[in-house]
Amino acid sequence: MKTRPQVTYDTQLRIDGVLALIQAGVLHYFRLPHPALWTPVLQRMRAGGLNAVVVPFPWTYHSPTGGLYDFTGPRDIARLLDEIEAAGLWLIADVGPWIEADLNRGGLPAWFVDIPGARPDCASVVPPGPSFAFLRYVREWWERLFPFLIERPNLLLLTIDPGSCAEGNEGLPRYLHALVELAQELGARGPFAALARHLSPGDDAILPQRRWERDTLLAETQWANEPAGFHILETAPPFTRDSESRERLRQRLGPEHPRILINRILGQGALSYALAPAHTGVNWGYWSTTDACAAHGVGALMEEGAALTPVYFYARRLALTVETLGSTLTAAQPASTVYATPNRALHATRGTDVATVAFLDTANASATETRLSLALGDALLATSAIILPEEAARVLPLNWAIPGGHLPTTTLEPVLLITVAGRHLLVLANENGGDLLLSDDFRPRHARGPVRTQRTPEGLAVHFEAARWISLLLDGPEGVLQCLALEPRLAARVWPLDDTWRTTPAYPAAWQPAPEDPARGLVIGPELVQPHADGSYSYLTAEKGIGYRWGPWRGQPLSCRHSFGNPVPPSTKSRWITTIARGRPWQFPARP
């Protein structure tokens, strides 16, 4: 069995001593009506740039009556955890017993709630300390649940919540501490997370968890004193009953909605968040409660059957950007060297010795145009105009150390920085054209598309026009740097084939490729790409059936045709090519 990495919390989460930047999605396995749906959703989370999954375990789903527990079929927790591990995701287990998840009574069984004195509810006559009945039945539930969890090598956190109660109730911290002690007695090593409002001033070893809805998070009130901890971002209203209202909600929220929430969280210094929910679903089957079936998760990243929504690609693009800048964000402190004119779109700046990151958004505001200025010693470098549409977010690095030199300013959001076969590849999202300023270390070699360069006293200025695909090849001290400026739709469909581009720990935390093996490359354009362990990959073509393959490819003819279920074979002969892969659109099997 794989050994579990050392996970610690000391105001920040660390994996084997390295600061961790956790980008997660919340999986409601109990709202997916068949276990076969778990793997596609998990794989798409990982492909979407996320490195962890939050799984709430509803007690009522597994215990229809007292003393009876079901872990078979769609309730097979062992199978679920195996698939999470196989997908390469860290596991954050929400063991409750109160799990929120938009369930009646927080997922507590009806038979348990009816036991006198068991539930820590402010409205009932319950003593302030943990009741014997409460701990007895929670122990019974956890004794069956924990053996599935505590030895998992990818287990990151256990989230504990004693139940709903008015804020400020003095009994809840006592319930929480009793539950932590119970979890430790049952073999859990921690660290543990709990809602911030349940914690006492001395609970420094418990990671605070905060839940944010759109209105509270996007309010102009500052919460800079609470960046630490794990943040649950509610990206959509939970329930709705008819398709017309669901469509209205999608239109109101907009596909960039999760980007704005993530932008606000990271700009304040948070290093861990989860999008809730990551997929749509329904309450179905026997729950031992009177919950009505209702659609859940309108506006989520994925549909119930793992079909990708426009929200997925907007959120994925930002997740790749955040991961690319991960080593900077984990060490960053608030910066005062960046200015904006006008400044209403600039909400936060954070910086280190290797980069300063500006967080811009137009939440609750109309489209705007702004310019950023960076103070470098006695010099002041200014960007060209940055055009932000309504309800949009951008993360822009300034004075960024890249292989061979620096990138002092940019108006194009970086999506990925990866090294493939000795060539450094910088992918940028080109929405309306924009500018880069590179240090004098670089010399242009070849350009494809509407791009021009010019030497200036500040460095090499590069201007990109608005276009689908622009490539600029530059020679630098550490080899070739290739800049790809792609339209946003294409930039969101850049699929790395391994983890060499990640800058924060991903599961498994220790990943060391053989020295002679370069990064396997990336694929640009298809709707989805799934790498395989043998070096091959499968892909789902876009509506135009075109994708660009980038990397060391072996022995495949340039006119190859493959779709999901027909993987591109592994290498037999290495050579660098850039080609167009035309594939058949994915078609579901015919009904029998």
# chains A, B, ... in the order shown; residues from 1 in each chain; ligands from 1

$ residues_around --residues "Pro310 in chain A" --least-positions-apart "5" --cutoff "10 Å" --atoms "only C-alpha atoms" --output "ChimeraX atom specification"
/A:254-256,299-302,315-316,489

$ write_last_selection --atoms "N, CA and C atoms" --output "mmCIF file, in the first residue's frame"
data_model
loop_
_atom_site.group_PDB
_atom_site.id
_atom_site.type_symbol
_atom_site.label_atom_id
_atom_site.label_comp_id
_atom_site.auth_asym_id
_atom_site.auth_seq_id
_atom_site.Cartn_x
_atom_site.Cartn_y
_atom_site.Cartn_z
ATOM 1 N N GLY A 254 -23.912 33.758 -15.587
ATOM 2 C CA GLY A 254 -22.873 33.914 -16.587
ATOM 3 C C GLY A 254 -21.776 32.880 -16.415
ATOM 4 N N PRO A 255 -21.132 32.474 -17.518
ATOM 5 C CA PRO A 255 -20.130 31.409 -17.432
ATOM 6 C C PRO A 255 -18.857 31.822 -16.703
ATOM 7 N N GLU A 256 -18.573 33.127 -16.577
ATOM 8 C CA GLU A 256 -17.357 33.550 -15.883
ATOM 9 C C GLU A 256 -17.567 33.702 -14.381
ATOM 10 N N GLY A 299 -25.669 25.740 -13.179
ATOM 11 C CA GLY A 299 -24.501 26.557 -13.441
ATOM 12 C C GLY A 299 -23.194 25.924 -13.019
ATOM 13 N N ALA A 300 -23.176 24.603 -12.728
ATOM 14 C CA ALA A 300 -21.960 23.921 -12.316
ATOM 15 C C ALA A 300 -21.050 23.672 -13.513
ATOM 16 N N LEU A 301 -19.850 23.137 -13.220
ATOM 17 C CA LEU A 301 -18.867 22.888 -14.274
ATOM 18 C C LEU A 301 -19.326 21.815 -15.247
ATOM 19 N N MET A 302 -20.039 20.809 -14.735
ATOM 20 C CA MET A 302 -20.423 19.657 -15.541
ATOM 21 C C MET A 302 -21.884 19.316 -15.324
ATOM 22 N N ALA A 315 -13.631 28.318 -15.986
ATOM 23 C CA ALA A 315 -12.973 28.006 -14.721
ATOM 24 C C ALA A 315 -11.669 27.263 -14.950
ATOM 25 N N ARG A 316 -11.636 26.401 -15.951
ATOM 26 C CA ARG A 316 -10.421 25.630 -16.221
ATOM 27 C C ARG A 316 -9.272 26.545 -16.629
ATOM 28 N N ARG A 489 -11.383 30.751 -26.345
ATOM 29 C CA ARG A 489 -11.992 29.429 -26.467
ATOM 30 C C ARG A 489 -10.934 28.359 -26.691
#

$ residues_around --residues "Thr324 in chain A" --least-positions-apart "3" --cutoff "10 Å" --atoms "only C-alpha atoms" --output "list in words"
Leu318, Ala319, Leu320, Thr321, Ser327, Thr328, Leu329, Pro414, Val415, Leu416, Leu417, Ile418, Trp501, Arg502, Thr503 and Thr504 of chain A

$ closest_residue --among "A:Arg317, A:Arg468, A:Arg152, A:Arg214" --to "Arg264 in chain A" --atoms "only C-alpha atoms"
A:Arg214

$ residues_around --residues "range 269-278 of chain A" --least-positions-apart "4" --cutoff "7 Å" --atoms "only C-alpha atoms" --output "VMD selection string"
chain A and resid 21 to 27 227 to 235 265 297 300 to 302 330

$ write_last_selection --atoms "C-alpha atoms" --output "PDB file, in the first residue's frame"
ATOM      1  CA  LEU A  21      -2.289  25.426  -3.247  1.00  0.00           C
ATOM      2  CA  ILE A  22      -5.474  23.377  -3.344  1.00  0.00           C
ATOM      3  CA  GLN A  23      -7.982  23.830  -6.150  1.00  0.00           C
ATOM      4  CA  ALA A  24     -10.870  21.443  -5.568  1.00  0.00           C
ATOM      5  CA  GLY A  25     -14.340  20.563  -6.704  1.00  0.00           C
ATOM      6  CA  VAL A  26     -17.148  19.144  -4.562  1.00  0.00           C
ATOM      7  CA  LEU A  27     -18.412  15.711  -5.653  1.00  0.00           C
ATOM      8  CA  PRO A 227      -7.629  34.610   4.053  1.00  0.00           C
ATOM      9  CA  ALA A 228      -6.325  31.463   5.739  1.00  0.00           C
ATOM     10  CA  GLY A 229      -8.263  28.228   5.688  1.00  0.00           C
ATOM     11  CA  PHE A 230     -10.371  26.346   3.207  1.00  0.00           C
ATOM     12  CA  HIS A 231     -13.009  28.272   1.266  1.00  0.00           C
ATOM     13  CA  ILE A 232     -16.140  26.678  -0.177  1.00  0.00           C
ATOM     14  CA  LEU A 233     -17.403  28.771  -3.095  1.00  0.00           C
ATOM     15  CA  GLU A 234     -21.099  28.260  -3.761  1.00  0.00           C
ATOM     16  CA  THR A 235     -21.169  28.814  -7.504  1.00  0.00           C
ATOM     17  CA  ILE A 265     -10.467  34.454  -2.863  1.00  0.00           C
ATOM     18  CA  GLY A 297     -26.141  22.607  -9.041  1.00  0.00           C
ATOM     19  CA  ALA A 300     -21.960  23.921 -12.316  1.00  0.00           C
ATOM     20  CA  LEU A 301     -18.867  22.888 -14.274  1.00  0.00           C
ATOM     21  CA  MET A 302     -20.423  19.657 -15.541  1.00  0.00           C
ATOM     22  CA  THR A 330       2.027  30.312  -2.136  1.00  0.00           C
TER      23      THR A 330
END
